[in-house]
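Structure file coords_3.csv (CSV, C-alpha atoms and all ligand atoms) follows.
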```
chain,number,residue,atom,x,y,z
A,1,MET,CA,-29.0,9.6,-10.3
A,2,ASN,CA,-28.4,8.6,-6.8
A,3,ARG,CA,-28.2,10.9,-3.7
A,4,ARG,CA,-24.4,10.9,-3.9
A,5,GLU,CA,-24.4,12.0,-7.5
A,6,VAL,CA,-26.8,14.8,-6.8
A,7,LEU,CA,-24.7,16.0,-3.9
A,8,ARG,CA,-21.6,15.8,-6.0
A,9,LEU,CA,-23.0,17.9,-8.8
A,10,SER,CA,-24.2,20.6,-6.5
A,11,GLY,CA,-20.8,20.4,-4.8
A,12,ALA,CA,-19.1,21.3,-8.1
A,13,GLY,CA,-20.7,24.7,-8.1
A,14,LEU,CA,-19.9,25.1,-4.4
A,15,VAL,CA,-16.1,24.5,-5.0
A,16,ALA,CA,-16.0,27.0,-7.9
A,17,GLY,CA,-17.7,29.6,-5.7
A,18,THR,CA,-15.9,29.0,-2.5
A,19,MET,CA,-12.5,28.8,-4.2
A,20,GLY,CA,-12.8,32.5,-5.2
A,21,VAL,CA,-14.1,33.5,-1.8
A,22,THR,CA,-11.2,31.6,0.0
A,23,LEU,CA,-8.5,33.2,-2.1
A,24,LEU,CA,-9.9,36.6,-1.4
A,25,SER,CA,-10.6,36.1,2.2
A,26,SER,CA,-8.7,37.7,5.0
A,27,ARG,CA,-6.8,35.6,7.6
A,28,ALA,CA,-9.6,36.1,10.1
A,29,ALA,CA,-12.3,35.0,7.8
A,30,LEU,CA,-10.3,31.8,6.9
A,31,ALA,CA,-9.7,30.9,10.5
A,32,ALA,CA,-13.4,31.3,11.3
A,33,ASP,CA,-14.8,29.0,8.7
A,34,PHE,CA,-12.9,26.0,7.7
A,35,ARG,CA,-14.1,23.3,5.3
A,36,SER,CA,-13.2,19.6,5.2
A,37,SER,CA,-14.1,17.0,2.6
A,38,ASP,CA,-15.1,13.3,3.0
A,39,THR,CA,-16.2,10.8,0.4
A,40,HIS,CA,-18.5,9.0,2.9
A,41,PRO,CA,-22.1,9.5,3.9
A,42,PRO,CA,-23.0,11.7,6.9
A,43,ASP,CA,-23.3,8.8,9.4
A,44,TYR,CA,-19.9,7.2,8.5
A,45,PRO,CA,-17.3,7.1,11.3
A,46,THR,CA,-14.7,9.3,9.5
A,47,VAL,CA,-17.3,12.1,8.9
A,48,LYS,CA,-18.5,11.9,12.6
A,49,ALA,CA,-14.9,12.0,13.8
A,50,VAL,CA,-14.0,15.1,11.8
A,51,GLU,CA,-17.1,16.8,13.1
A,52,GLU,CA,-16.0,15.9,16.6
A,53,MET,CA,-12.6,17.4,15.8
A,54,GLY,CA,-14.4,20.6,14.7
A,55,ARG,CA,-16.4,20.6,17.9
A,56,LEU,CA,-13.3,20.4,20.0
A,57,MET,CA,-11.5,23.0,18.0
A,58,LYS,CA,-14.4,25.4,18.3
A,59,GLU,CA,-14.6,24.9,22.0
A,60,ARG,CA,-10.9,25.3,22.5
A,61,SER,CA,-10.7,28.4,20.4
A,62,GLY,CA,-13.6,30.1,22.2
A,63,GLY,CA,-15.8,29.8,19.2
A,64,LYS,CA,-13.3,31.4,16.7
A,65,MET,CA,-12.4,28.3,14.7
A,66,SER,CA,-15.1,26.2,13.2
A,67,LEU,CA,-15.3,23.5,10.7
A,68,GLN,CA,-17.9,22.1,8.3
A,69,VAL,CA,-17.6,18.7,6.9
A,70,PHE,CA,-18.8,18.3,3.3
A,71,HIS,CA,-19.6,14.6,3.2
A,72,SER,CA,-20.6,12.3,0.3
A,73,ALA,CA,-17.9,13.7,-2.1
A,74,GLN,CA,-19.8,17.0,-2.4
A,75,LEU,CA,-16.4,18.7,-3.0
A,76,GLY,CA,-15.2,16.0,-5.4
A,77,GLU,CA,-13.5,12.6,-5.4
A,78,GLU,CA,-10.4,12.1,-3.2
A,79,LYS,CA,-7.7,12.8,-5.8
A,80,ASP,CA,-9.4,16.1,-6.7
A,81,THR,CA,-9.9,17.2,-3.1
A,82,ILE,CA,-6.2,16.4,-2.4
A,83,GLU,CA,-5.4,18.9,-5.2
A,84,GLN,CA,-7.7,21.5,-3.6
A,85,THR,CA,-6.1,21.0,-0.3
A,86,LYS,CA,-2.7,21.5,-1.7
A,87,ILE,CA,-3.5,24.9,-3.1
A,88,GLY,CA,-5.4,25.9,0.0
A,89,ALA,CA,-8.9,26.1,-1.6
A,90,LEU,CA,-9.8,23.5,1.0
A,91,GLN,CA,-8.4,23.8,4.5
A,92,PHE,CA,-8.9,20.2,5.8
A,93,ASN,CA,-9.4,16.8,4.2
A,94,ARG,CA,-10.0,13.3,5.3
A,95,VAL,CA,-9.0,10.6,2.8
A,96,ASN,CA,-7.4,7.2,2.7
A,97,MET,CA,-3.6,7.1,2.6
A,98,ALA,CA,-3.7,5.3,-0.7
A,99,PRO,CA,-4.5,8.3,-3.0
A,100,PHE,CA,-1.5,10.0,-1.4
A,101,ASN,CA,0.9,7.1,-2.3
A,102,GLY,CA,2.1,8.9,-5.5
A,103,ILE,CA,2.6,12.2,-3.7
A,104,VAL,CA,4.1,11.3,-0.3
A,105,PRO,CA,6.3,8.2,-0.7
A,106,GLU,CA,6.1,7.4,3.1
A,107,SER,CA,2.3,7.1,2.8
A,108,GLY,CA,2.8,4.0,0.7
A,109,ILE,CA,4.4,1.9,3.4
A,110,PRO,CA,1.3,1.4,5.6
A,111,ALA,CA,-0.7,0.6,2.4
A,112,LEU,CA,1.6,-2.3,1.5
A,113,PRO,CA,-0.1,-5.7,1.4
A,114,PHE,CA,0.1,-7.6,4.7
A,115,VAL,CA,2.5,-5.1,6.3
A,116,PHE,CA,0.3,-5.2,9.4
A,117,ARG,CA,-0.5,-8.4,11.2
A,118,SER,CA,-3.7,-7.1,12.7
A,119,THR,CA,-5.7,-4.0,13.7
A,120,GLN,CA,-3.9,-4.0,17.1
A,121,HIS,CA,-0.5,-4.0,15.2
A,122,MET,CA,-1.6,-1.2,12.9
A,123,ARG,CA,-2.8,0.9,15.9
A,124,ALA,CA,0.4,0.3,17.8
A,125,VAL,CA,2.5,1.4,14.8
A,126,MET,CA,0.5,4.4,13.8
A,127,ASP,CA,0.0,5.7,17.4
A,128,GLY,CA,3.8,5.6,18.0
A,129,LYS,CA,7.0,7.1,16.7
A,130,ILE,CA,6.6,5.6,13.2
A,131,GLY,CA,3.2,7.2,12.8
A,132,ASP,CA,4.5,10.6,13.9
A,133,GLU,CA,7.3,10.3,11.3
A,134,ILE,CA,4.8,9.4,8.6
A,135,LEU,CA,2.6,12.4,9.5
A,136,ALA,CA,5.6,14.7,9.4
A,137,ALA,CA,6.5,13.4,5.9
A,138,PHE,CA,3.4,15.1,4.5
A,139,GLU,CA,4.7,18.7,5.2
A,140,PRO,CA,7.2,19.1,2.4
A,141,HIS,CA,4.4,18.2,0.0
A,142,GLY,CA,2.1,20.9,1.2
A,143,PHE,CA,0.0,19.0,3.8
A,144,ILE,CA,0.1,18.9,7.6
A,145,GLY,CA,-0.6,15.3,8.7
A,146,LEU,CA,-2.8,15.6,11.8
A,147,CYS,CA,-3.9,12.1,12.7
A,148,PHE,CA,-4.8,8.6,11.4
A,149,TYR,CA,-8.1,7.0,11.6
A,150,ASP,CA,-8.9,3.3,11.4
A,151,SER,CA,-10.0,1.8,8.1
A,152,GLY,CA,-10.3,-1.9,9.1
A,153,ALA,CA,-9.0,-4.4,6.6
A,154,ARG,CA,-9.5,-4.3,2.8
A,155,SER,CA,-10.7,-7.5,1.2
A,156,PHE,CA,-11.9,-8.5,-2.3
A,157,TYR,CA,-15.5,-8.7,-3.3
A,158,ASN,CA,-17.0,-9.5,-6.7
A,159,ARG,CA,-20.1,-10.3,-8.6
A,160,LEU,CA,-18.9,-13.6,-10.3
A,161,ARG,CA,-17.8,-16.3,-7.9
A,162,PRO,CA,-16.3,-16.8,-4.5
A,163,ILE,CA,-12.6,-16.2,-4.3
A,164,HIS,CA,-10.6,-18.8,-2.3
A,165,THR,CA,-7.2,-18.6,-4.0
A,166,PRO,CA,-5.5,-16.0,-6.3
A,167,ALA,CA,-6.3,-18.4,-9.2
A,168,ASP,CA,-10.0,-17.6,-8.7
A,169,MET,CA,-9.2,-14.0,-9.5
A,170,LYS,CA,-7.6,-14.7,-12.9
A,171,GLY,CA,-8.8,-12.2,-15.5
A,172,MET,CA,-11.3,-10.5,-13.2
A,173,LYS,CA,-11.7,-6.7,-13.7
A,174,ILE,CA,-11.1,-5.3,-10.2
A,175,ARG,CA,-11.5,-1.6,-9.3
A,176,VAL,CA,-8.7,-0.3,-7.1
A,177,ILE,CA,-8.2,2.9,-5.2
A,178,GLN,CA,-6.0,5.4,-7.2
A,179,SER,CA,-2.6,4.2,-6.1
A,180,ASP,CA,0.1,2.4,-8.1
A,181,ILE,CA,0.6,0.0,-5.1
A,182,PHE,CA,-2.9,-1.2,-5.4
A,183,VAL,CA,-2.7,-1.5,-9.1
A,184,ALA,CA,0.4,-3.7,-8.7
A,185,LEU,CA,-1.1,-5.9,-5.9
A,186,VAL,CA,-4.1,-6.7,-8.0
A,187,GLN,CA,-2.0,-7.4,-11.1
A,188,ALA,CA,0.2,-9.7,-9.0
A,189,LEU,CA,-2.8,-11.9,-8.4
A,190,GLY,CA,-3.4,-12.2,-12.1
A,191,ALA,CA,-6.5,-9.9,-12.2
A,192,ASN,CA,-7.0,-6.7,-14.3
A,193,ALA,CA,-6.7,-3.6,-12.1
A,194,THR,CA,-8.8,-0.6,-12.9
A,195,PRO,CA,-7.9,2.5,-10.8
A,196,MET,CA,-11.1,4.5,-10.5
A,197,PRO,CA,-12.7,7.1,-8.2
A,198,TYR,CA,-14.8,5.6,-5.4
A,199,GLY,CA,-18.1,7.3,-6.6
A,200,GLU,CA,-18.0,5.4,-10.0
A,201,VAL,CA,-17.6,1.9,-8.6
A,202,TYR,CA,-21.3,1.1,-7.9
A,203,THR,CA,-22.3,1.8,-11.5
A,204,GLY,CA,-19.2,0.0,-12.8
A,205,LEU,CA,-20.3,-3.1,-10.8
A,206,LYS,CA,-23.9,-2.8,-11.8
A,207,THR,CA,-23.3,-2.5,-15.5
A,208,GLY,CA,-20.6,-5.2,-15.5
A,209,VAL,CA,-17.8,-2.8,-16.5
A,210,LEU,CA,-16.2,-4.1,-13.3
A,211,ASP,CA,-16.3,-7.6,-11.8
A,212,GLY,CA,-15.2,-6.6,-8.4
A,213,ALA,CA,-13.4,-4.2,-6.0
A,214,GLU,CA,-11.9,-4.3,-2.6
A,215,ASN,CA,-12.7,-2.5,0.7
A,216,ASN,CA,-13.5,-2.9,4.4
A,217,TRP,CA,-16.9,-3.9,5.8
A,218,PRO,CA,-18.3,-0.4,6.4
A,219,SER,CA,-17.4,0.9,2.9
A,220,TYR,CA,-18.6,-2.3,1.2
A,221,GLU,CA,-21.9,-1.7,3.0
A,222,SER,CA,-22.4,2.1,2.9
A,223,SER,CA,-21.5,2.3,-0.8
A,224,HIS,CA,-24.2,-0.5,-1.5
A,225,HIS,CA,-21.6,-2.4,-3.4
A,226,TYR,CA,-22.7,-5.5,-1.5
A,227,GLU,CA,-26.0,-5.3,-3.3
A,228,VAL,CA,-24.3,-5.8,-6.7
A,229,ALA,CA,-21.2,-7.8,-5.8
A,230,LYS,CA,-22.2,-10.5,-3.4
A,231,HIS,CA,-19.1,-12.6,-2.9
A,232,TYR,CA,-16.8,-11.2,-0.2
A,233,SER,CA,-13.6,-13.0,0.6
A,234,LEU,CA,-11.8,-12.0,3.8
A,235,ASP,CA,-8.2,-12.1,2.6
A,236,GLN,CA,-7.5,-8.8,4.4
A,237,HIS,CA,-4.7,-7.8,2.1
A,238,SER,CA,-4.3,-4.1,3.3
A,239,LEU,CA,-5.0,-2.2,6.4
A,240,SER,CA,-4.1,1.1,4.8
A,241,PRO,CA,-5.4,3.7,7.4
A,242,GLU,CA,-7.3,6.9,6.8
A,243,ILE,CA,-5.5,10.2,7.2
A,244,PHE,CA,-6.8,13.6,8.3
A,245,VAL,CA,-4.7,16.5,6.9
A,246,MET,CA,-4.7,20.3,6.8
A,247,SER,CA,-3.5,22.4,3.9
A,248,LYS,CA,-0.1,23.9,4.6
A,249,VAL,CA,-1.3,27.1,3.0
A,250,ALA,CA,-4.0,27.4,5.6
A,251,TRP,CA,-1.7,26.1,8.4
A,252,ASP,CA,0.9,28.8,7.8
A,253,LYS,CA,-1.7,31.5,8.5
A,254,LEU,CA,-2.4,30.2,12.0
A,255,SER,CA,-0.8,31.5,15.2
A,256,SER,CA,1.1,28.9,17.2
A,257,LYS,CA,-1.7,28.7,19.7
A,258,GLU,CA,-4.2,28.0,16.9
A,259,LYS,CA,-1.8,25.4,15.5
A,260,GLU,CA,-1.7,23.7,18.9
A,261,ILE,CA,-5.6,23.7,19.0
A,262,VAL,CA,-5.8,22.1,15.6
A,263,LYS,CA,-3.3,19.4,16.4
A,264,SER,CA,-4.7,18.5,19.8
A,265,SER,CA,-8.3,18.5,18.6
A,266,ALA,CA,-7.4,16.1,15.8
A,267,LYS,CA,-5.5,13.7,18.0
A,268,ASP,CA,-8.3,13.8,20.6
A,269,SER,CA,-10.9,12.8,18.0
A,270,VAL,CA,-9.1,9.4,17.4
A,271,PRO,CA,-10.5,7.4,20.4
A,272,TYR,CA,-14.0,8.6,19.5
A,273,MET,CA,-13.5,7.5,15.9
A,274,ARG,CA,-12.3,4.1,17.0
A,275,LYS,CA,-15.3,3.5,19.1
A,276,LEU,CA,-17.6,4.4,16.2
A,277,TRP,CA,-15.5,2.3,13.9
A,278,ASP,CA,-15.8,-0.8,15.9
A,279,GLU,CA,-19.6,-0.3,16.2
A,280,ARG,CA,-19.9,0.3,12.5
A,281,GLU,CA,-17.9,-2.7,11.5
A,282,ALA,CA,-20.3,-4.9,13.5
A,283,LYS,CA,-23.4,-3.1,12.1
A,284,SER,CA,-22.2,-3.4,8.5
A,285,GLN,CA,-21.3,-7.0,8.9
A,286,ALA,CA,-24.9,-7.7,10.1
A,287,ILE,CA,-26.4,-5.8,7.2
A,288,ILE,CA,-24.2,-7.6,4.7
A,289,ARG,CA,-24.8,-11.1,6.2
A,290,GLY,CA,-28.5,-10.3,6.4
A,291,ALA,CA,-28.6,-9.5,2.7
A,292,GLY,CA,-27.5,-13.0,1.9
A,293,CYS,CA,-24.0,-12.2,0.6
A,294,GLU,CA,-21.6,-15.2,0.4
A,295,ILE,CA,-18.7,-14.5,2.8
A,296,VAL,CA,-15.5,-16.6,2.4
A,297,GLU,CA,-14.2,-16.3,6.0
A,298,LYS,CA,-11.6,-19.1,6.2
A,299,ILE,CA,-9.2,-18.2,3.6
A,300,ASP,CA,-5.6,-19.2,3.4
A,301,LYS,CA,-3.7,-15.9,3.2
A,302,LYS,CA,-0.3,-17.5,2.4
A,303,PRO,CA,-0.8,-17.8,-1.4
A,304,PHE,CA,-2.0,-14.2,-1.5
A,305,GLN,CA,1.0,-13.0,0.5
A,306,GLU,CA,3.3,-15.0,-1.7
A,307,ALA,CA,1.8,-13.7,-4.9
A,308,MET,CA,2.0,-10.1,-3.7
A,309,LYS,CA,5.8,-10.3,-2.9
A,310,PRO,CA,6.7,-8.5,-6.2
A,311,VAL,CA,4.9,-5.4,-4.9
A,312,TYR,CA,7.6,-5.1,-2.2
A,313,ASP,CA,10.4,-5.6,-4.8
A,314,ARG,CA,8.9,-2.8,-6.8
A,315,PHE,CA,7.9,-0.3,-4.2
A,316,VAL,CA,10.3,-0.9,-1.3
A,317,THR,CA,13.6,-0.2,-2.9
A,318,SER,CA,15.4,2.5,-1.0
A,319,ASP,CA,17.3,1.7,2.2
A,320,LYS,CA,14.9,4.1,4.0
A,321,ALA,CA,11.8,2.3,2.9
A,322,LYS,CA,13.3,-1.1,3.7
A,323,ALA,CA,14.2,0.1,7.2
A,324,LEU,CA,10.7,1.5,7.7
A,325,VAL,CA,9.1,-1.9,6.7
A,326,LYS,CA,11.4,-3.7,9.1
A,327,ARG,CA,10.7,-1.3,12.0
A,328,ILE,CA,6.9,-1.8,11.4
A,329,GLN,CA,7.3,-5.5,11.5
A,330,ASP,CA,9.3,-5.3,14.7
A,331,VAL,CA,6.5,-3.4,16.6
A,332,ALA,CA,4.6,-5.6,19.0
A,333,ASP,CA,0.8,-5.6,18.8
A,334,ALA,CA,-0.8,-3.1,21.2
B,1,LIG,C1,-12.6,3.6,1.9
B,1,LIG,C2,-12.0,4.9,2.4
B,1,LIG,C3,-12.3,6.1,1.5
B,1,LIG,C4,-11.9,5.8,0.1
B,1,LIG,C5,-12.5,4.4,-0.4
B,1,LIG,C6,-12.0,4.0,-1.8
B,1,LIG,O1,-12.3,2.6,2.7
B,1,LIG,O2,-12.5,5.2,3.7
B,1,LIG,O3,-11.6,7.2,2.0
B,1,LIG,O4,-10.5,5.8,-0.1
B,1,LIG,O5,-12.1,3.4,0.5
B,1,LIG,O6,-11.9,2.8,-2.0
B,1,LIG,O7,-11.9,4.8,-2.6
```

Turn the structure described in the file into C-alpha cells.
Ligand code: GTR
Amino acid sequence: MNRREVLRLSGAGLVAGTMGVTLLSSRAALAADFRSSDTHPPDYPTVKAVEEMGRLMKERSGGKMSLQVFHSAQLGEEKDTIEQTKIGALQFNRVNMAPFNGIVPESGIPALPFVFRSTQHMRAVMDGKIGDEILAAFEPHGFIGLCFYDSGARSFYNRLRPIHTPADMKGMKIRVIQSDIFVALVQALGANATPMPYGEVYTGLKTGVLDGAENNWPSYESSHHYEVAKHYSLDQHSLSPEIFVMSKVAWDKLSSKEKEIVKSSAKDSVPYMRKLWDEREAKSQAIIRGAGCEIVEKIDKKPFQEAMKPVYDRFVTSDKAKALVKRIQDVADA
C-alpha cells in the first residue's frame, strides 16, 4: 500500500466522523474551522494555493475563519468529494473542472479538446467575463465557484509505444478523468476509454489493466505514472482548468462580510498559484526527462483536432453552448 492509499483509508474514518460533527455544529463552529479537499500531495501547487487562500482568509477575518487542506485524497476521490461538498459535509473543494462536467453543463466548455490555443489564451478567458459567468453557473447546482487555477495542458502517456498520430492509439486502454467529454474524446481517437478515479491509475498502469492515461507534466510526475508509462506525447488536447469551490450550504451561513473575505482571498491566491505552477511544470519536466522517458515533442496536432470534432457535435448542441465556444475563440491571448 502506498502513502496515498494509507492516507485515503485513514481519511474514510475522518469523513464519517466529521460529517456528524459538521451537521451538528453551530454556525460559529462551522465558520471557524473549514475543511478543503485535494487529490494531490502536500507540495503540489493546488494544495499550496488553497493553503495560501486559507492564510489570507484567516488574516482578513481577524483569525475567525480558518481552513485546513486535506491533501492526497484523504477525504476521497474527486467525484466523492464533490458529493460531500454539495451536501455541506465539506465546505471547500479544489478539483478539476472535468468531474463537474456532468453536473454543471458550462464546466464542460473549457474542458473541450483544443478549445484554448495556449495557456495565455486560457488565462485571458478564465480571468475575464466568460470565466465569471462560468463560476456563477455553479451556484444553482449547490456550489459557489470561487476561482480557477492553472492545470497546464493534458497530453497522452502510455506504456506501449510512442504516439505520433491517432492511429498509434488504436485499441489502447486509456484511463480518463470521470467526464463524458473525456470518454468521447478518447473514443474519437479509436482508443478504449476507461473512466476511473485518479488514485487507481498507478496500479492500473503497473498491472497492465491500463495502457495509458492523460495528464499535465506535474500530475504525470507527482503521481509517479511516468515510472510505469514512459512514452509521453505532447498533443496538448485539453487545458481544462482547476476550480476551487465552496459548498452553497456553508456559504449561505456566512455574513456578507465573510462572503466577501472568502471571495477576495480565493481570487488573491491565483497569482501565487500561477507562480508555483510555472515552477512546478519546469521541475516536473526535468524529473521526467531525467528518468529517461521518451517525450514526443513535435507532434502534428491537426489529425488529433480533426478526429476529435465529433466531440463538439455531441456536446456543443445548444445555442448557448455554441455561442460560448465562439466567444472563447474570439478572446485574444493575454
Ligand atoms: C489533475 C488534476 C486533478 C485530477 C487529475 C485526474 O491534473 O489536477 O484534480 O482531476 O488530473 O486526472 O484525475

Go through A:Lys326, A:His224, A:Lys173, A:Lys259 and flag the residue nearest A:Val209, using only C-alpha atoms for the distances.
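Under the stated criterion, the closest residue is A:Lys173.
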
Neighbours of ligand LIG 1 (chain B) at 6 Å or closer, counting all atoms listed in the file: which residues, as a short mmCIF file (atom, residue, chain, number, x, y, z; two decimals) with C-alpha atoms, keeping the file's coordinate frame?
```cif
data_model
loop_
_atom_site.label_atom_id
_atom_site.label_comp_id
_atom_site.auth_asym_id
_atom_site.auth_seq_id
_atom_site.Cartn_x
_atom_site.Cartn_y
_atom_site.Cartn_z
CA VAL A 95 -9.00 10.60 2.80
CA ASN A 96 -7.40 7.20 2.70
CA SER A 151 -10.00 1.80 8.10
CA ILE A 177 -8.20 2.90 -5.20
CA TYR A 198 -14.80 5.60 -5.40
CA ASN A 215 -12.70 -2.50 0.70
CA ASN A 216 -13.50 -2.90 4.40
CA SER A 219 -17.40 0.90 2.90
#
```

Suppose you want the space between atom CA of A:Thr317 and atom CA of A:Ala213; what is it in Å?
27.5 Å

Residues near A:Asn192, cut-off 12 Å, all atoms listed in the file, skip fewer than 2 positions along chain, as a list in words
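The contact residues come out as Met169, Lys170, Gly171, Met172, Lys173, Ile174, Arg175, Val176, Phe182, Val183, Ala184, Leu185, Val186, Gln187, Ala188, Leu189, Gly190, Thr194, Pro195, Val209, Leu210, Asp211, Gly212 and Ala213 of chain A.
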
Can you tell me which residues surround A:Thr39 at a distance of at most 7 Å, considering all atoms listed in the file, apart from same-chain residues fewer than 4 positions away, and format the answer as a ChimeraX atom specification?
/A:71-73,77-78

Separating atom CA of A:His225 from atom CA of A:Gly108, to the nearest tenth of an Å, is a gap of 25.6 Å

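What separates atom CA of A:Ala332 from atom CA of A:Pro110 is a distance of 15.5 Å.
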
Between A:Val262, A:Cys147, A:Val104, A:Ile82, which has the minimum distance to A:Ser66 (counting only C-alpha atoms)?
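The closest residue to A:Ser66 is A:Val262.
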
Shortest contact to A:Tyr220, candidates A:Ile288, A:Ala191, A:Ile144, A:Ala334, atoms counted all atoms listed in the file, goes to A:Ile288

Nearest to A:Asp235: which of A:Thr165, A:Ser247, A:Ser223, A:Ser256 is it, counting all atoms listed in the file?
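Going through A:Thr165, A:Ser247, A:Ser223, A:Ser256 one by one, the smallest distance to A:Asp235 is for A:Thr165.
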
Within 12 Å of A:Ser118 using all atoms listed in the file, minus same-chain residues under 5 positions, as a PyMOL selection string
chain A and resi 113+123-125+150-154+236-240+328-329+331-334

Out of A:Val115, A:Glu221, A:Lys79, A:Ile287, which residue has the shortest atom-to-atom distance to A:Lys322 when counting only C-alpha atoms?
A:Val115

Identify which of the residues A:Ala137, A:Ala250, A:Ala282, A:Ala266 lies closest to A:Leu56, counting all atoms listed in the file when measuring atom-to-atom distances.
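The closest residue to A:Leu56 is A:Ala266.
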
Tell me, as a PyMOL selection string, which residues lie within 7 Å of stretch 47-52 of chain A, counting only C-alpha atoms; anything in the same chain fewer than 5 positions away does not count.
chain A and resi 38+40+42+69+71+269+272-273

Could you turn the residues from that selection into a file that holds C-alpha atoms, as a tab-separated table (two decimals), in the frame of the given file?
```tsv
chain	number	residue	atom	x	y	z
A	38	ASP	CA	-15.10	13.30	3.00
A	40	HIS	CA	-18.50	9.00	2.90
A	42	PRO	CA	-23.00	11.70	6.90
A	69	VAL	CA	-17.60	18.70	6.90
A	71	HIS	CA	-19.60	14.60	3.20
A	269	SER	CA	-10.90	12.80	18.00
A	272	TYR	CA	-14.00	8.60	19.50
A	273	MET	CA	-13.50	7.50	15.90
```

Could you name the residues that touch A:Ser37 at 8 Å or less, counting only C-alpha atoms, but leaving out those on the same chain fewer than 6 positions away, as a ChimeraX atom specification?
/A:69-71,73-75,81,90,92-94
